[in-house]
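Raw contents of coords00.txt, compact mmCIF, C-alpha atoms:
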```txt
# COMPACT_ATOMS: atom_id res chain seq x y z
CA MET A 1 69.40 4.52 46.11
CA THR A 2 69.29 1.44 43.93
CA LEU A 3 67.63 1.48 40.53
CA SER A 4 66.11 -1.59 39.00
CA PRO A 5 67.74 -2.75 35.74
CA SER A 6 64.74 -1.63 33.74
CA ALA A 7 64.37 1.78 35.37
CA GLY A 8 66.90 3.48 33.16
CA ALA A 9 66.16 1.50 30.07
CA ARG A 10 64.73 3.47 27.20
CA ARG A 11 61.48 2.16 25.84
CA SER A 12 61.74 1.40 22.15
CA PRO A 13 59.31 3.41 20.02
CA GLY A 14 56.38 1.56 18.53
CA PRO A 15 56.07 0.90 14.80
CA TRP A 16 53.65 3.80 14.26
CA ARG A 17 55.94 6.29 16.00
CA THR A 18 58.89 4.99 14.02
CA ALA A 19 56.94 5.36 10.77
CA ALA A 20 55.90 8.90 11.73
CA GLY A 21 59.51 9.82 12.44
CA ASP A 22 60.65 8.42 9.08
CA LEU A 23 57.91 10.37 7.31
CA LEU A 24 58.84 13.62 9.07
CA ARG A 25 62.44 13.16 7.94
CA ASN A 26 61.37 12.76 4.31
CA ARG A 27 61.67 16.32 2.98
CA THR A 28 60.15 15.47 -0.38
CA ALA A 29 57.05 14.00 1.24
CA LEU A 30 56.77 16.99 3.58
CA ALA A 31 56.98 19.39 0.64
CA ALA A 32 54.20 17.45 -1.12
CA ALA A 33 52.11 17.54 2.07
CA ALA A 34 52.66 21.32 2.30
CA VAL A 35 51.50 21.81 -1.29
CA LEU A 36 48.45 19.65 -0.65
CA LEU A 37 47.66 21.53 2.55
CA LEU A 38 47.91 24.84 0.69
CA VAL A 39 45.45 23.64 -1.97
CA VAL A 40 43.03 22.39 0.70
CA LEU A 41 43.18 25.63 2.70
CA ALA A 42 42.70 27.74 -0.42
CA SER A 43 39.64 25.67 -1.39
CA LEU A 44 38.18 25.96 2.10
CA CYS A 45 38.49 29.75 1.80
CA ALA A 46 36.26 29.81 -1.29
CA PRO A 47 33.24 31.44 0.44
CA LEU A 48 35.54 34.03 2.03
CA TYR A 49 37.01 35.01 -1.34
CA ALA A 50 33.69 35.03 -3.21
CA ASP A 51 31.71 36.94 -0.58
CA HIS A 52 34.23 39.36 0.89
CA ILE A 53 36.89 39.91 -1.79
CA ALA A 54 35.40 39.32 -5.24
CA HIS A 55 31.83 40.09 -4.13
CA THR A 56 30.38 37.71 -6.70
CA ASP A 57 28.24 34.59 -6.91
CA PRO A 58 30.26 32.01 -8.87
CA PHE A 59 27.13 29.94 -9.56
CA GLN A 60 25.06 32.72 -11.12
CA SER A 61 25.40 34.05 -14.67
CA HIS A 62 26.50 37.69 -15.08
CA VAL A 63 25.73 38.21 -18.76
CA SER A 64 25.19 41.96 -18.42
CA GLY A 65 27.58 42.48 -15.52
CA THR A 66 30.36 45.04 -15.36
CA THR A 67 33.61 45.36 -13.45
CA VAL A 68 36.35 47.92 -12.87
CA VAL A 69 39.71 47.60 -14.62
CA ASP A 70 42.32 50.36 -14.20
CA GLY A 71 39.65 52.70 -12.88
CA LYS A 72 37.32 52.15 -15.85
CA THR A 73 34.00 50.32 -15.86
CA VAL A 74 34.04 47.60 -18.51
CA PRO A 75 31.55 44.84 -19.38
CA VAL A 76 32.31 41.32 -18.23
CA LEU A 77 31.17 39.93 -21.59
CA THR A 78 31.70 41.75 -24.88
CA PRO A 79 30.28 40.77 -28.28
CA SER A 80 32.73 38.80 -30.39
CA SER A 81 34.51 40.81 -33.09
CA THR A 82 35.88 37.84 -35.03
CA GLY A 83 34.30 35.72 -37.74
CA LEU A 84 30.54 36.26 -38.04
CA GLY A 85 30.48 38.29 -34.85
CA LEU A 86 28.46 35.65 -33.03
CA GLY A 87 28.88 34.87 -29.35
CA VAL A 88 30.70 36.80 -26.66
CA THR A 89 34.25 37.16 -25.39
CA PRO A 90 34.66 37.11 -21.59
CA ILE A 91 36.98 39.49 -19.83
CA GLY A 92 40.50 38.14 -19.47
CA PRO A 93 42.64 37.95 -16.34
CA THR A 94 42.87 41.33 -14.60
CA TRP A 95 45.30 40.11 -11.87
CA ASP A 96 43.19 42.10 -9.42
CA PRO A 97 41.79 39.81 -6.69
CA ALA A 98 38.69 41.98 -6.34
CA HIS A 99 37.83 42.08 -10.05
CA TYR A 100 38.02 38.82 -11.98
CA PHE A 101 41.58 37.86 -11.13
CA LEU A 102 41.61 35.00 -13.69
CA GLY A 103 38.91 36.46 -15.89
CA ALA A 104 35.41 35.17 -16.53
CA ASP A 105 33.89 32.18 -18.33
CA ASN A 106 31.32 32.35 -21.13
CA GLN A 107 28.55 33.08 -18.60
CA GLY A 108 30.38 35.93 -16.90
CA ARG A 109 31.23 33.96 -13.76
CA ASP A 110 34.45 34.63 -11.86
CA VAL A 111 36.91 31.86 -12.79
CA LEU A 112 38.98 32.06 -9.60
CA ALA A 113 35.91 31.86 -7.37
CA ARG A 114 34.63 28.85 -9.30
CA LEU A 115 38.11 27.34 -9.17
CA LEU A 116 38.15 27.50 -5.37
CA TYR A 117 34.64 26.08 -5.07
CA GLY A 118 35.52 23.43 -7.64
CA GLY A 119 38.51 22.45 -5.52
CA ARG A 120 36.23 21.82 -2.55
CA THR A 121 34.12 19.48 -4.67
CA SER A 122 37.02 17.65 -6.33
CA LEU A 123 38.90 17.17 -3.06
CA PHE A 124 35.76 15.99 -1.27
CA ILE A 125 34.92 13.43 -3.95
CA GLY A 126 38.53 12.27 -4.29
CA PHE A 127 39.22 11.79 -0.59
CA THR A 128 35.79 10.36 0.29
CA ALA A 129 35.80 7.92 -2.62
CA ALA A 130 39.37 6.83 -1.78
CA LEU A 131 38.52 6.32 1.89
CA LEU A 132 35.39 4.35 1.01
CA THR A 133 37.34 2.26 -1.52
CA CYS A 134 40.04 1.43 1.01
CA VAL A 135 37.58 0.51 3.75
CA VAL A 136 35.41 -1.70 1.53
CA GLY A 137 38.42 -3.13 -0.34
CA THR A 138 40.17 -4.00 2.92
CA ALA A 139 37.08 -5.73 4.31
CA VAL A 140 36.50 -7.69 1.10
CA GLY A 141 40.16 -8.66 0.73
CA VAL A 142 40.50 -9.78 4.37
CA VAL A 143 37.30 -11.84 4.29
CA ALA A 144 38.19 -13.47 0.97
CA GLY A 145 41.77 -14.24 1.93
CA TYR A 146 41.03 -15.58 5.41
CA ALA A 147 37.82 -17.49 4.68
CA GLY A 148 39.10 -19.27 1.56
CA GLY A 149 37.06 -22.00 -0.08
CA VAL A 150 33.73 -21.09 -1.64
CA VAL A 151 33.66 -17.61 -0.10
CA ASP A 152 37.04 -16.76 -1.61
CA ALA A 153 36.05 -18.24 -4.97
CA VAL A 154 32.82 -16.23 -5.20
CA ILE A 155 34.39 -12.94 -4.09
CA SER A 156 37.38 -13.42 -6.38
CA ARG A 157 35.17 -14.05 -9.41
CA VAL A 158 33.14 -10.90 -8.70
CA LEU A 159 36.34 -8.88 -8.37
CA ASP A 160 37.61 -10.40 -11.62
CA VAL A 161 34.44 -9.34 -13.44
CA VAL A 162 34.77 -5.74 -12.22
CA TRP A 163 38.51 -5.81 -12.95
CA ALA A 164 37.88 -6.96 -16.54
CA PHE A 165 36.02 -3.77 -17.49
CA PRO A 166 38.03 -0.71 -18.57
CA VAL A 167 37.81 1.65 -15.61
CA TYR A 168 36.58 4.76 -17.40
CA LEU A 169 34.17 2.83 -19.59
CA LEU A 170 32.60 1.20 -16.55
CA ALA A 171 32.43 4.55 -14.72
CA ILE A 172 30.81 6.27 -17.70
CA CYS A 173 28.25 3.47 -18.13
CA LEU A 174 27.29 3.55 -14.45
CA SER A 175 27.10 7.34 -14.45
CA VAL A 176 24.87 7.50 -17.53
CA VAL A 177 22.48 4.93 -16.05
CA LEU A 178 22.37 6.34 -12.52
CA LEU A 179 22.10 10.00 -13.52
CA THR A 180 18.52 9.40 -14.66
CA ASN A 181 17.01 7.80 -11.57
CA GLY A 182 19.70 8.02 -8.93
CA LEU A 183 20.78 5.08 -6.82
CA LYS A 184 18.61 3.04 -4.47
CA LEU A 185 20.13 0.36 -2.24
CA GLY A 186 17.50 -0.74 0.24
CA PRO A 187 16.86 2.13 2.67
CA VAL A 188 19.72 4.17 1.17
CA THR A 189 18.77 6.57 -1.65
CA VAL A 190 21.24 8.77 -3.53
CA ASP A 191 19.75 11.49 -5.73
CA ALA A 192 20.99 11.91 -9.28
CA GLY A 193 22.42 15.37 -8.60
CA SER A 194 24.06 14.47 -5.29
CA LEU A 195 27.84 14.49 -4.92
CA TRP A 196 27.53 11.11 -3.26
CA LEU A 197 26.63 9.56 -6.60
CA PRO A 198 30.08 10.05 -8.22
CA VAL A 199 31.63 9.14 -4.86
CA THR A 200 29.78 5.82 -4.85
CA ILE A 201 30.52 5.08 -8.51
CA ILE A 202 34.24 5.84 -8.23
CA ALA A 203 34.57 3.93 -4.96
CA ALA A 204 32.85 0.85 -6.42
CA ILE A 205 34.95 0.58 -9.58
CA TYR A 206 38.24 0.77 -7.68
CA VAL A 207 37.46 -1.79 -4.95
CA PRO A 208 39.31 -4.59 -6.81
CA TYR A 209 42.45 -2.43 -6.89
CA ILE A 210 42.54 -2.63 -3.07
CA ALA A 211 40.89 -5.98 -2.42
CA ARG A 212 43.06 -8.10 -4.71
CA PRO A 213 46.51 -7.19 -3.26
CA LEU A 214 45.18 -7.33 0.31
CA ARG A 215 43.63 -10.74 -0.36
CA GLY A 216 47.03 -11.98 -1.48
CA GLN A 217 48.64 -10.56 1.64
CA VAL A 218 46.09 -12.27 3.89
CA LEU A 219 46.62 -15.59 2.07
CA VAL A 220 50.30 -15.37 3.03
CA LEU A 221 49.49 -14.34 6.61
CA ARG A 222 47.02 -17.19 7.05
CA ASN A 223 49.87 -19.70 6.75
CA LYS A 224 52.11 -17.98 9.30
CA GLU A 225 52.96 -19.90 12.46
CA TYR A 226 51.34 -17.43 14.88
CA ILE A 227 48.07 -17.52 12.91
CA GLN A 228 48.08 -21.29 12.84
CA ALA A 229 48.83 -21.34 16.58
CA ALA A 230 45.89 -19.03 17.27
CA VAL A 231 43.59 -21.23 15.17
CA GLY A 232 44.87 -24.36 16.92
CA SER A 233 44.23 -22.84 20.33
CA GLY A 234 40.56 -22.40 19.43
CA ALA A 235 40.56 -18.61 19.14
CA PRO A 236 37.45 -17.35 17.31
CA ALA A 237 37.91 -16.04 13.77
CA PRO A 238 36.77 -12.44 14.56
CA ARG A 239 39.41 -12.22 17.28
CA ILE A 240 42.15 -13.54 15.00
CA LEU A 241 41.15 -11.07 12.30
CA ARG A 242 41.07 -8.17 14.74
CA ARG A 243 44.28 -8.91 16.65
CA GLU A 244 46.49 -10.74 14.17
CA VAL A 245 45.42 -10.06 10.58
CA LEU A 246 44.19 -6.46 10.51
CA PRO A 247 47.29 -4.95 12.21
CA ASN A 248 49.35 -6.41 9.36
CA VAL A 249 47.16 -5.22 6.47
CA VAL A 250 46.08 -1.79 7.77
CA PRO A 251 49.48 -0.18 6.92
CA THR A 252 49.09 -1.36 3.34
CA ALA A 253 45.57 0.08 3.19
CA ILE A 254 46.84 3.41 4.57
CA VAL A 255 49.49 3.56 1.84
CA PHE A 256 46.71 3.24 -0.74
CA VAL A 257 44.72 6.25 0.59
CA PRO A 258 46.71 9.13 -1.00
CA LEU A 259 47.32 7.15 -4.18
CA MET A 260 43.64 6.29 -4.54
CA THR A 261 42.68 9.89 -3.76
CA ALA A 262 44.73 11.07 -6.74
CA LEU A 263 43.21 8.36 -8.94
CA ALA A 264 39.68 9.20 -7.78
CA MET A 265 40.21 12.90 -8.51
CA LEU A 266 41.40 12.13 -12.04
CA THR A 267 38.39 9.88 -12.60
CA GLU A 268 35.97 12.50 -11.27
CA SER A 269 37.53 15.15 -13.50
CA ALA A 270 37.15 12.91 -16.54
CA LEU A 271 33.51 12.13 -15.74
CA SER A 272 32.69 15.79 -15.06
CA PHE A 273 34.41 16.85 -18.28
CA LEU A 274 32.09 14.44 -20.11
CA SER A 275 29.07 15.89 -18.22
CA VAL A 276 28.34 12.60 -16.44
CA GLY A 277 30.03 13.46 -13.16
CA VAL A 278 29.34 16.50 -11.00
CA GLN A 279 26.08 18.14 -12.06
CA PRO A 280 25.05 21.81 -11.95
CA PRO A 281 24.81 23.92 -9.88
CA ASP A 282 27.85 22.25 -8.27
CA ALA A 283 31.22 22.81 -9.89
CA SER A 284 34.43 20.80 -9.93
CA TRP A 285 37.74 21.22 -11.70
CA GLY A 286 36.50 18.86 -14.41
CA THR A 287 33.33 20.88 -15.08
CA ILE A 288 35.36 24.12 -15.24
CA ILE A 289 37.62 22.60 -17.89
CA GLU A 290 34.53 21.61 -19.86
CA ASP A 291 33.10 25.14 -19.50
CA GLY A 292 36.28 26.65 -20.87
CA LEU A 293 36.75 24.28 -23.78
CA GLY A 294 35.14 26.72 -26.22
CA LEU A 295 37.35 29.54 -24.90
CA LEU A 296 40.62 27.64 -25.26
CA TYR A 297 42.02 30.00 -27.91
CA THR A 298 40.64 33.29 -26.59
CA ARG A 299 40.63 32.83 -22.80
CA PRO A 300 42.88 29.79 -22.10
CA ALA A 301 43.10 30.57 -18.37
CA VAL A 302 39.59 29.16 -17.90
CA THR A 303 40.83 25.70 -18.91
CA ILE A 304 44.51 25.85 -18.02
CA ALA A 305 44.03 26.92 -14.38
CA PRO A 306 41.95 23.89 -13.27
CA GLY A 307 44.15 21.58 -15.36
CA LEU A 308 47.26 22.83 -13.58
CA LEU A 309 45.60 22.40 -10.19
CA ILE A 310 44.58 18.84 -11.02
CA ALA A 311 48.15 18.04 -12.10
CA LEU A 312 49.68 19.75 -9.04
CA THR A 313 47.33 18.10 -6.54
CA THR A 314 47.59 14.59 -7.97
CA ALA A 315 51.39 14.88 -8.20
CA ALA A 316 51.55 15.97 -4.55
CA LEU A 317 49.31 13.07 -3.53
CA ASN A 318 51.47 10.56 -5.40
CA VAL A 319 54.70 11.90 -3.87
CA LEU A 320 53.08 11.88 -0.41
CA GLY A 321 51.88 8.32 -1.04
CA ASP A 322 55.42 7.24 -1.89
CA GLY A 323 56.63 8.82 1.34
CA VAL A 324 53.96 7.04 3.39
CA ARG A 325 54.87 3.76 1.72
CA ASP A 326 58.57 4.21 2.51
CA ALA A 327 57.73 5.06 6.13
CA LEU A 328 55.38 2.13 6.72
CA ASP A 329 57.38 -0.37 4.66
CA PRO A 330 61.11 0.51 4.66
CA GLY A 331 61.80 -2.72 2.80
CA ALA A 332 59.93 -1.30 -0.22
CA ARG A 333 62.49 1.51 -0.47
CA LEU A 334 65.35 -0.96 -0.26
CA ARG A 335 63.80 -3.21 -2.88
CA GLY A 336 63.23 -0.23 -5.16
CA GLY A 337 66.90 0.72 -4.96
CA VAL A 338 68.18 -2.71 -5.97
```
Final structure tokens representation of the file:
Amino acid sequence: MTLSPSAGARRSPGPWRTAAGDLLRNRTALAAAAVLLLVVLASLCAPLYADHIAHTDPFQSHVSGTTVVDGKTVPVLTPSSTGLGLGVTPIGPTWDPAHYFLGADNQGRDVLARLLYGGRTSLFIGFTAALLTCVVGTAVGVVAGYAGGVVDAVISRVLDVVWAFPVYLLAICLSVVLLTNGLKLGPVTVDAGSLWLPVTIIAAIYVPYIARPLRGQVLVLRNKEYIQAAVGSGAPAPRILRREVLPNVVPTAIVFVPLMTALAMLTESALSFLSVGVQPPDASWGTIIEDGLGLLYTRPAVTIAPGLLIALTTAALNVLGDGVRDALDPGARLRGGV
């Protein structure tokens, strides 16, 4: 039996499989992905914890509620015994999952239950805004870089205008304006209390952060020999963009996704802390920090717990983003070590 020369040859893995293998060998990135997965799974289990373990509604006040601690029935909120005796002091952490594990806020709501629900909101806004930013930024950057001329000049000037504003100042201004009447773009209407409003605002202000570097990358690609050959052969522009340009810029856009997710989560938390982000009855980690600001000295867990989760999640996203970058662009790791 005679084998052809190519019969026993091993097919070389494609670039995506090679990148996936490099990422799976990066233990630091895998640890960050495991932490992120744990946070996501815990947030998804929020209804299970609130309904079947804590037996509480984290969105309803429990001013006159009671709970059981060490076999004794105690009030969730007790009148303050310091100063003028005004206000109330919520119950502190009981470390009992069924009875206010992390204590209560100033309205008697279970902090852990709100923390899990807040994680669902913060993760949804962060990932959705990052994905929308990367998609729109990639499209804008590719069109501007490949078209050139007047199209590039107009798009670049618009990006420069958005880039010139301080990010948080622009986000706060847009939030304050849009929280009154919502957002209307032709047939699309976003209500003022919808979670899609902060998603849209955050995605819009970060488009230049994606579009500008991708535009520069496309400008370099446009002068490559294979692009010039395709143009000279009469290939239509959509085909060149789809088959030659996009495969080269998509890896860069993918690298931006976890990094932009972390940035979007921080921005959402800042807006919610200032009461111009997520609106009641929804809760996010930023709104929980704002709720616990007045309890910082008596019940610090209300503020510290969401702050730690924000720090942990964004750190994991940044480490994972570095791992994805090293896998998709090994040259970046080599350049960083020089």
Near segment 87-91 of chain A, within 12 Å and counting all atoms listed in the file, which residues show up once chain neighbours fewer than 2 positions away are dropped, as a ChimeraX atom specification?
/A:61-69,73-85,93-95,99-111,292,294-302
Go ahead and dump the residues you just picked, C-alpha atoms, as a PDB file, in the frame of the given file.
```pdb
ATOM      1  CA  SER A  61      25.400  34.050 -14.670  1.00  0.00           C
ATOM      2  CA  HIS A  62      26.500  37.690 -15.080  1.00  0.00           C
ATOM      3  CA  VAL A  63      25.730  38.210 -18.760  1.00  0.00           C
ATOM      4  CA  SER A  64      25.190  41.960 -18.420  1.00  0.00           C
ATOM      5  CA  GLY A  65      27.580  42.480 -15.520  1.00  0.00           C
ATOM      6  CA  THR A  66      30.360  45.040 -15.360  1.00  0.00           C
ATOM      7  CA  THR A  67      33.610  45.360 -13.450  1.00  0.00           C
ATOM      8  CA  VAL A  68      36.350  47.920 -12.870  1.00  0.00           C
ATOM      9  CA  VAL A  69      39.710  47.600 -14.620  1.00  0.00           C
ATOM     10  CA  THR A  73      34.000  50.320 -15.860  1.00  0.00           C
ATOM     11  CA  VAL A  74      34.040  47.600 -18.510  1.00  0.00           C
ATOM     12  CA  PRO A  75      31.550  44.840 -19.380  1.00  0.00           C
ATOM     13  CA  VAL A  76      32.310  41.320 -18.230  1.00  0.00           C
ATOM     14  CA  LEU A  77      31.170  39.930 -21.590  1.00  0.00           C
ATOM     15  CA  THR A  78      31.700  41.750 -24.880  1.00  0.00           C
ATOM     16  CA  PRO A  79      30.280  40.770 -28.280  1.00  0.00           C
ATOM     17  CA  SER A  80      32.730  38.800 -30.390  1.00  0.00           C
ATOM     18  CA  SER A  81      34.510  40.810 -33.090  1.00  0.00           C
ATOM     19  CA  THR A  82      35.880  37.840 -35.030  1.00  0.00           C
ATOM     20  CA  GLY A  83      34.300  35.720 -37.740  1.00  0.00           C
ATOM     21  CA  LEU A  84      30.540  36.260 -38.040  1.00  0.00           C
ATOM     22  CA  GLY A  85      30.480  38.290 -34.850  1.00  0.00           C
ATOM     23  CA  PRO A  93      42.640  37.950 -16.340  1.00  0.00           C
ATOM     24  CA  THR A  94      42.870  41.330 -14.600  1.00  0.00           C
ATOM     25  CA  TRP A  95      45.300  40.110 -11.870  1.00  0.00           C
ATOM     26  CA  HIS A  99      37.830  42.080 -10.050  1.00  0.00           C
ATOM     27  CA  TYR A 100      38.020  38.820 -11.980  1.00  0.00           C
ATOM     28  CA  PHE A 101      41.580  37.860 -11.130  1.00  0.00           C
ATOM     29  CA  LEU A 102      41.610  35.000 -13.690  1.00  0.00           C
ATOM     30  CA  GLY A 103      38.910  36.460 -15.890  1.00  0.00           C
ATOM     31  CA  ALA A 104      35.410  35.170 -16.530  1.00  0.00           C
ATOM     32  CA  ASP A 105      33.890  32.180 -18.330  1.00  0.00           C
ATOM     33  CA  ASN A 106      31.320  32.350 -21.130  1.00  0.00           C
ATOM     34  CA  GLN A 107      28.550  33.080 -18.600  1.00  0.00           C
ATOM     35  CA  GLY A 108      30.380  35.930 -16.900  1.00  0.00           C
ATOM     36  CA  ARG A 109      31.230  33.960 -13.760  1.00  0.00           C
ATOM     37  CA  ASP A 110      34.450  34.630 -11.860  1.00  0.00           C
ATOM     38  CA  VAL A 111      36.910  31.860 -12.790  1.00  0.00           C
ATOM     39  CA  GLY A 292      36.280  26.650 -20.870  1.00  0.00           C
ATOM     40  CA  GLY A 294      35.140  26.720 -26.220  1.00  0.00           C
ATOM     41  CA  LEU A 295      37.350  29.540 -24.900  1.00  0.00           C
ATOM     42  CA  LEU A 296      40.620  27.640 -25.260  1.00  0.00           C
ATOM     43  CA  TYR A 297      42.020  30.000 -27.910  1.00  0.00           C
ATOM     44  CA  THR A 298      40.640  33.290 -26.590  1.00  0.00           C
ATOM     45  CA  ARG A 299      40.630  32.830 -22.800  1.00  0.00           C
ATOM     46  CA  PRO A 300      42.880  29.790 -22.100  1.00  0.00           C
ATOM     47  CA  ALA A 301      43.100  30.570 -18.370  1.00  0.00           C
ATOM     48  CA  VAL A 302      39.590  29.160 -17.900  1.00  0.00           C
TER      49      VAL A 302
END
```
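Shortest separation to Phe273 of chain A among A:Leu241, A:Ile172, A:Leu179, A:Val143 occurs at residue A:Ile172, atoms counted being only C-alpha atoms.
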Top pick for closest residue to Asn248 of chain A, considering A:Thr138, A:Ser194, A:Thr180, A:Asn26 and counting all atoms listed in the file:
A:Thr138
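The smallest atom-to-atom distance between Leu246 of chain A and any of A:Gly119, A:Gly141, A:Gly182, A:Pro13, using all atoms listed in the file, is found for A:Gly141.
Minimum atom-to-atom distances from A:Asp291, A:Leu195, A:Gly126, A:Asp282 to Glu268 of chain A were compared using all atoms listed in the file, and the lowest value belongs to A:Gly126.
Across A:Val176, A:Val231, A:Ala283, A:Val250, the tightest approach to Ser122 of chain A is made by A:Ala283 when counting all atoms listed in the file.
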How big is the axis-aligned box around all listed atoms of segment 57-76 of chain A once 6 Å goes on each side, and where's its centre, in Å to one decimal, as JSON?
```
{"center_x": 33.7, "center_y": 41.3, "center_z": -13.1, "size_x": 29.3, "size_y": 34.8, "size_z": 24.5}
```
Write out as a tab-separated table (two decimals) with C-alpha atoms, in the coordinates of the input which residues come within 12 Å of Val151 of chain A when counting all atoms listed in the file, dropping same-chain ones fewer than 6 positions away.
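This is the output file part.tsv:
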```tsv
chain	number	residue	atom	x	y	z
A	140	VAL	CA	36.50	-7.69	1.10
A	141	GLY	CA	40.16	-8.66	0.73
A	142	VAL	CA	40.50	-9.78	4.37
A	143	VAL	CA	37.30	-11.84	4.29
A	144	ALA	CA	38.19	-13.47	0.97
A	145	GLY	CA	41.77	-14.24	1.93
A	157	ARG	CA	35.17	-14.05	-9.41
A	158	VAL	CA	33.14	-10.90	-8.70
```
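From atom CA of Gly21 of chain A back to atom CA of Leu317 of chain A, the distance works out to 19.2 Å.
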Would you mind reading off the distance between atom CA of Gly307 of chain A and atom CA of Asp96 of chain A, one decimal, in Å?
21.4 Å
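The environment of Tyr168 of chain A within 10 Å, counting all atoms listed in the file and disregarding residues fewer than 2 places along the same chain, consists of A:Phe165, A:Pro166, A:Leu170, A:Ala171, A:Ile172, A:Cys173, A:Leu174, A:Ile202, A:Ile205, A:Thr267, A:Glu268, A:Ala270, A:Leu271.
Comparing A:Ala230, A:Ala316, A:Leu259, A:Ile125 by their smallest distance to Leu30 of chain A, the closest is A:Ala316 (using all atoms listed in the file).
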Atom CA of Arg243 of chain A sits from atom CA of Arg222 of chain A at a separation of 13.0 Å
Give me the residues within 10 Å of Thr314 of chain A as a list in words, counting only C-alpha atoms and dropping any in the same chain fewer than 4 places off.
Ala32, Leu36, Pro258, Leu259, Met260, Thr261, Ala262, Leu263, Ala264, Met265, Leu266, Leu308, Leu309, Ile310, Asn318, Val319 and Leu320 of chain A
